[in-house]
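**Student:** My questions all concern the structure below.
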Amino acid sequence: MSLARLFIPLLLVSGMLHAEEKPPSEQLYDLMQAQESSIRASRAAFQTTLNQFKARGVPDEGIAEMKKVSDDYFEKMYSNPELKKRHIALFDKNFSSDELNELIRLYQTPLGKKLLVVMPELGDEAERISAEFTKGQPDTEVFRKQIGDIYRKYQRPKLEDRPDEKK
């Protein structure tokens, strides 16, 4: 009888602990620090836009205001619980529970932890290298012209170019 008194509460507590355990897709999302990574990536990507505004003459105080507004926006957007749910659903859609658990084990190792830190930096650097490499390449200029031509082909004609709508 005393053993039952001891084990029943332990079983109940154990059951409650397992019930509160997050599904593997959410564990992986949290482990990857996906929200924080998305915020950092968006800020880094928007820095290019800020640099363009600065080059066009926007003063430092204007750039600072834009940075504050964009930082607040990215923080708010990526903190939205609905977005987190959708990201987690992507994991569920593309990985089995076994695969998610394997990824969790990987990201808990020293190599996996390093991978989480280094991959965004490698991606940023690879993007910078690619942009630098393609700048001035003959194929890049041909590509840009082709895209521009296609854009102009499908662009809505201006009012003065529409014979049936002239007044």
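Residues in the structure tokens are named by chain (A, B, ... in the order shown) and by number from 1 within that chain; ligands are numbered from 1 in the order shown.
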Find the nearest atom pair between each residue of region 24-78 of chain A and region 116-137 of chain A for residues within 10 Å, count only C-alpha atoms, give distances in Å to one decimal, sort rows by chain and ascending number, and present the table as a tab-separated table.

**Tutor:**
residue	atom	partner	partner_atom	distance
A:Leu31	CA	A:Leu116	CA	9.0
A:Met32	CA	A:Leu116	CA	6.5
A:Gln33	CA	A:Leu116	CA	8.4
A:Ala34	CA	A:Leu116	CA	9.7
A:Ser37	CA	A:Pro120	CA	7.8
A:Ser38	CA	A:Pro120	CA	9.7
A:Arg40	CA	A:Pro120	CA	9.0
A:Ala41	CA	A:Pro120	CA	7.6
A:Ala44	CA	A:Asp124	CA	8.4
A:Ala45	CA	A:Asp124	CA	8.8

**Student:** For the residues in that selection, give me C-alpha atoms as a compact mmCIF listing (two decimals), in the first residue's frame.

**Tutor:**
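Listing of part17.txt after writing:
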# COMPACT_ATOMS: atom_id res chain seq x y z
CA LEU A 31 16.42 25.41 -30.48
CA MET A 32 17.21 27.05 -33.82
CA GLN A 33 16.27 30.42 -32.35
CA ALA A 34 14.26 30.92 -35.52
CA SER A 37 17.48 34.62 -36.52
CA SER A 38 14.65 36.00 -38.65
CA ARG A 40 18.65 39.50 -37.40
CA ALA A 41 18.38 38.49 -41.07
CA ALA A 44 20.80 42.84 -42.09
CA ALA A 45 18.85 42.76 -45.36

**Student:** Would you list the contacts of region 79-95 of chain A as a PyMOL selection string, taking every protein, DNA or RNA residue within 12 Å and counting only C-alpha atoms, but skipping same-chain residues closer than 6 positions in sequence?

**Tutor:** chain A and resi 22-39+72-73+101-104

**Student:** Between CA of Gln47 (chain A) and CA of Phe74 (chain A), measure the distance and give it in Å to one decimal.

**Tutor:** 12.6 Å

**Student:** Please indicate the distance in Å from CA of Glu75 (chain A) to CA of Glu61 (chain A), rounded to one decimal place.

**Tutor:** 21.0 Å

**Student:** From a backbone DSSP assignment, name each residue in region 66-167 of chain A labelled alpha helix (DSSP H), as a count of residues only.

**Tutor:** 81

**Student:** Please indicate the distance in Å from CA of Leu50 (chain A) to CA of Asp149 (chain A), rounded to one decimal place.

**Tutor:** 28.0 Å

**Student:** Point out the residue among A:Gln155, A:Gln108, A:Thr49, A:Arg43 with the least atom-to-atom distance to Asp71 (chain A), counting only C-alpha atoms.

**Tutor:**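 Result for the nearest residue to Asp71 (chain A): A:Arg43.
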